[in-house]
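Novice: Structure provided below as structure tokens; questions to follow.
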Amino acid sequence: MAAAEIPHDEQALLAYVQAGGQVEATDRLPEDYRSKLIKFIEMHGNSELMGVLPEREWIQRAPTLQRKLALTAKVQDEVGHAQLIYRVVEDLGKPREQCLADLVNGKAKFHNVFHYPTRTWGDVGVIAWLVDAAAIISQKALLKCSYAPYARIMKKICWEESFHILHGRDVVLALVTGTPEQFELVQEAVNRWWGPLMQFHGTPIPKEDDPMFHWRIKSQGNEEARQQFLEGYVPQVLELGLELPDPKLRRNENGVWEYSEPDWDELKHVVTGHGPCTEERLAFRRRFLEQETWVRDIVLAT
Amino acid sequence: MNELLLGLADDELVLGWRDSEWTGIAPVLEEDVAFSSIAQNEIGHARAVYQLLTDDADALAFDRALDEYRCAPLVELRLLDWAHTIARRWLYEEADRIRIAALRSDADPAVSGLAAKIDREEVYHRMHAEMWHERLRDESRFRDAVAELWPYALGVLEADQRAELARRVGLEEVAAVERGTHTDELAELWNEMTMVRRSAPAGAQW
Amino acid sequence: MSADHPIYEVFRQERRGRPFEHAGSVAAPDAEFAEAWAREQYGRRGESVALWLVPRDAIRTVDEWADEFGLKYRRVDGYSIKERLKEARERASARAG
């Protein structure tokens, strides 16, 4: 559809995107749509960038050269995703410097899972496998985002995430077929990460009540995403002989996964900046952001 | 064991480890991605050289005692500021170019072939280092960092190669900080590098 | 709406012979940095055989058209070949018959 045909009238544009239409960076966006896009996409960028911090120290501790390379490449992808995503936000009107400043000053959000510590090599496998799996489900749904520049970068992001899941699963498989202590590393990590994983997709609000669904920024409801995750990955976890720390978790006769109510208070508490590692990680980022301001001043000056 | 090759491999392993310390915190996101590729290449070079020397590259990389490593002090230094990091990259690539050029004419075709491969990848490392060098060369903190690291850089090379390095970078040859003694920083690095591996019996799979 | 440093648009070619497709953009002070950075962002997993880097300012967008009088003869669907071909074939077989 040529630019001239995209309706400028807000109601008409809303109908257009709700019918599956896509919008470009050069189209005139209503303020509500534009600000929601920035909020949503910025949070994604922040999450990719903050996701680096729990994992980077394990690059340094990787027990083989192959694992070191694979993990470095995975984390590199995440920084790359942040770059792609912040470029989209910048073209929507919020400069990267502002996004990063808001992030390190605690004014912007990022996903719950990146507020938690990583304790063992077991975490490395579980994160790359299950956390990335949970993320890719949301990311695949975003391929249909009404804002085309974001939908397009999701294609590269999803392609790269698929490598991560393979890597994560391989790490887990090596551990569960190794020594009893190595098996225990995975089980212990699964026990710790299961709660945050169940919270990851958000509360089960109907998508019609989700502000991000209005303009078709999101096209998938939170519960739909969680069900997809459980359907795909619970069997994969159980078939390795691992247990999941939820006695209520089961697939009912209608094919719907039932589970213990996730701790929604914990989720809210964490994403508003009170996670176990939030302060420390933001402080770490802030330190280097400030320390290297001189580099950006020189290099990005033309 | 070929001390020269082991020194090269250990330099690349440890420098790759140091360069990976910038993961996620480099000054510009685009640079973070590019810098990570350099670190990965370094680990790849280390692995390829270890594979010339042994069947079990991981064991050689990770299972030696601290004093068995042959890396130069330059790569052991913890340099968590960009001026020093780029100064080290630039000096190391200049030194390594000379070392690799010599290895390209090694009598052993496995060595000369590998040196040629490494050299082809390092073309991009050199371009990257030169690109930053051009932008930073007038900054006093960069010049100070180069001056500080210069004796260490000389220690990367054999004595008879140092005059050429001095010529290339335009500095006077001085007394080098030689290989042979390790810094405390390497002990800390080694500890972290091997902690997961040491947590399981030798030969465990990962 | 634009950043205060130059943006380079990146076009990537996935395989030799294929078209170059827009893949994203990098913010870079000059072409040299843009190349160093785009090289890794769009090629590190071997997903591109070639890249074009173009300063955003150099790109002219064309996205508005006028076809007020429906000049369909410029497009294939402006011709109704089917009808005439059927007619011509019928006449030809009548002559032959």
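In the structure tokens, each chain is lettered A, B, ... as it comes, each chain's residues begin at 1, and ligands are numbered from 1 in order of appearance.
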Determine, counting only C-alpha atoms, which protein, DNA and RNA residues have an atom within 12 Å of an atom of Val123 (chain B); residues of the same chain fewer than 3 positions away are not included. Present the result as a ChimeraX atom specification.
Specialist: /B:38,41,93-94,96-97,100,116-120,126-130 /C:36
Novice: Please produce a file of the residues just selected, as a tab-separated table (two decimals), in the first residue's frame, where the atoms kept are C-alpha atoms.
Specialist:
```
chain	number	residue	atom	x	y	z
B	38	ILE	CA	37.62	-10.06	17.44
B	41	ASN	CA	38.62	-14.94	16.43
B	93	GLU	CA	48.23	-6.35	16.24
B	94	GLU	CA	51.42	-4.61	15.12
B	96	ASP	CA	51.51	-10.05	16.01
B	97	ARG	CA	51.79	-9.07	12.36
B	100	ILE	CA	52.79	-14.20	12.07
B	116	ALA	CA	48.49	-17.73	6.65
B	117	LYS	CA	44.92	-18.40	7.80
B	118	ILE	CA	45.41	-16.39	10.98
B	119	ASP	CA	47.00	-13.60	8.97
B	120	ARG	CA	43.95	-13.38	6.69
B	126	ARG	CA	44.36	-4.50	11.96
B	127	MET	CA	41.82	-2.42	10.07
B	128	HIS	CA	39.76	-2.12	13.23
B	129	ALA	CA	42.75	-1.18	15.39
B	130	GLU	CA	43.96	1.36	12.82
C	36	ALA	CA	33.58	-2.24	10.29
```
Novice: Identify, on the basis of only C-alpha atoms, every residue whose closest approach to Gly241 (chain A) does not exceed 10 Å; exclude the query and any residue fewer than 6 positions from it along the same chain; express the result as a list in words.
Specialist: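 Result of the neighbour search: Val176, Phe183 and Gln187 of chain A.
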Novice: Within 8 Å of chain C, which residues of chain B are there when counting only C-alpha atoms? Please give them as a list in words.
Specialist: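 Residues satisfying the distance criterion: Glu30, Glu31, Val33, Ala34, Ser37, His128 and Met131 of chain B.
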Novice: Could the residues in this selection be saved with C-alpha atoms as a PDB file, in the first residue's frame?
Specialist:
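Saved to out-v4.pdb:
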```pdb
ATOM      1  CA  GLU B  30      27.880  -1.438  17.207  1.00  0.00           C
ATOM      2  CA  GLU B  31      31.439  -1.597  18.521  1.00  0.00           C
ATOM      3  CA  VAL B  33      29.291  -6.497  18.428  1.00  0.00           C
ATOM      4  CA  ALA B  34      32.421  -5.948  16.336  1.00  0.00           C
ATOM      5  CA  SER B  37      34.000 -10.962  16.841  1.00  0.00           C
ATOM      6  CA  HIS B 128      39.759  -2.116  13.225  1.00  0.00           C
ATOM      7  CA  MET B 131      40.485   2.869  12.541  1.00  0.00           C
TER       8      MET B 131
END
```
Novice: From the set A:Lys140, A:His111, A:His164, A:Arg34, which residue has the shortest atom-to-atom contact distance to Glu78 (chain A), counting only C-alpha atoms?
Specialist: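 Closest candidate: A:His164.
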Novice: Could you pull out all residues of chain C with a DSSP call of alpha helix (DSSP H) and give them as a list in words?
Specialist: Ala31, Glu32, Phe33, Ala34, Glu35, Ala36, Trp37, Ala38, Arg39, Glu40, Gln41, Ile81, Lys82, Glu83, Arg84, Leu85, Lys86, Glu87, Ala88, Arg89, Glu90, Arg91, Ala92, Ser93, Ala94, Arg95 and Ala96 of chain C
Novice: Show which residues sit within 7 Å of region 266-272 of chain A, as a list of chain:residue names. Count only C-alpha atoms, and ignore same-chain residues fewer than 4 positions away.
Specialist: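 Final neighbour list, sorted by chain and number: A:Lys109, A:Phe110, A:His111, A:Asn112, A:His115, A:Gln199.
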Novice: Store the residues picked out above, limited to N, CA and C atoms, as an mmCIF file, in the first residue's frame.
Specialist:
```cif
data_model
loop_
_atom_site.group_PDB
_atom_site.id
_atom_site.type_symbol
_atom_site.label_atom_id
_atom_site.label_comp_id
_atom_site.auth_asym_id
_atom_site.auth_seq_id
_atom_site.Cartn_x
_atom_site.Cartn_y
_atom_site.Cartn_z
ATOM 1 N N LYS A 109 11.919 -0.069 31.949
ATOM 2 C CA LYS A 109 11.770 -1.456 32.388
ATOM 3 C C LYS A 109 12.508 -2.439 31.482
ATOM 4 N N PHE A 110 12.755 -3.614 32.038
ATOM 5 C CA PHE A 110 13.223 -4.735 31.227
ATOM 6 C C PHE A 110 12.657 -6.013 31.843
ATOM 7 N N HIS A 111 12.672 -7.070 31.061
ATOM 8 C CA HIS A 111 11.976 -8.303 31.455
ATOM 9 C C HIS A 111 12.489 -8.907 32.754
ATOM 10 N N ASN A 112 11.557 -9.518 33.480
ATOM 11 C CA ASN A 112 11.822 -10.059 34.824
ATOM 12 C C ASN A 112 13.040 -10.979 34.891
ATOM 13 N N HIS A 115 16.601 -9.890 35.941
ATOM 14 C CA HIS A 115 16.849 -9.301 37.259
ATOM 15 C C HIS A 115 17.364 -10.339 38.253
ATOM 16 N N GLN A 199 6.294 -16.576 35.040
ATOM 17 C CA GLN A 199 5.851 -15.171 35.085
ATOM 18 C C GLN A 199 6.197 -14.415 33.807
#
```
Novice: Please report as a PyMOL selection string which residues of chain B come no farther than 10 Å from chain A, using only C-alpha atoms.
Specialist: chain B and resi 13+16-18+20-37+39-41+43-44+46-47+57-59+61-62+80-83+132+135-136+139+189-201+204-206
Novice: Using only C-alpha atoms, tabulate the residues of region 153-208 of chain A lying at most 12 Å from any atom of region 3-24 of chain C, each with its closest atom pair and that distance in Å to one decimal, by chain and increasing residue number, as CSV.
Specialist:
```
residue,atom,partner,partner_atom,distance
A:Ile153,CA,C:Gly24,CA,7.4
A:Met154,CA,C:Ala23,CA,11.0
A:Lys155,CA,C:Ala23,CA,10.0
A:Lys156,CA,C:Ala23,CA,8.7
A:Ile157,CA,C:Ala23,CA,11.7
```
Novice: Which one of A:Asn252, A:Asp297, A:Arg119, A:His44 sits closest to chain C if you count only C-alpha atoms?
Specialist: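 Using only C-alpha atoms, the shortest distance to chain C belongs to A:Asp297.
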Novice: Choose the residue, out of A:Ala108, A:Val113, A:Val131, A:Ala148, that has the smallest atom-to-atom separation from chain C; count only C-alpha atoms.
Specialist: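 Nearest to chain C: A:Ala148.
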Novice: Can you work out the spacing between CA of Glu208 (chain A) and CA of Val89 (chain A) in Å, to one decimal?
Specialist: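 Value for the CA of Glu208 (chain A)-CA of Val89 (chain A) distance: 24.6 Å.
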Novice: Using only C-alpha atoms, which residues sit within 9 Å of region 169-175 of chain B once same-chain residues fewer than 4 positions away are excluded, as number ranges by chain?
Specialist: B: 91, 94, 147, 150-151, 154-155, 162-165
Novice: Which residue is closest to Gly255 (chain A)? Choose from A:Glu231, A:Glu224, A:Ala189, A:Cys277 and count only C-alpha atoms.
Specialist: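 Under the stated criterion, the closest residue is A:Glu231.
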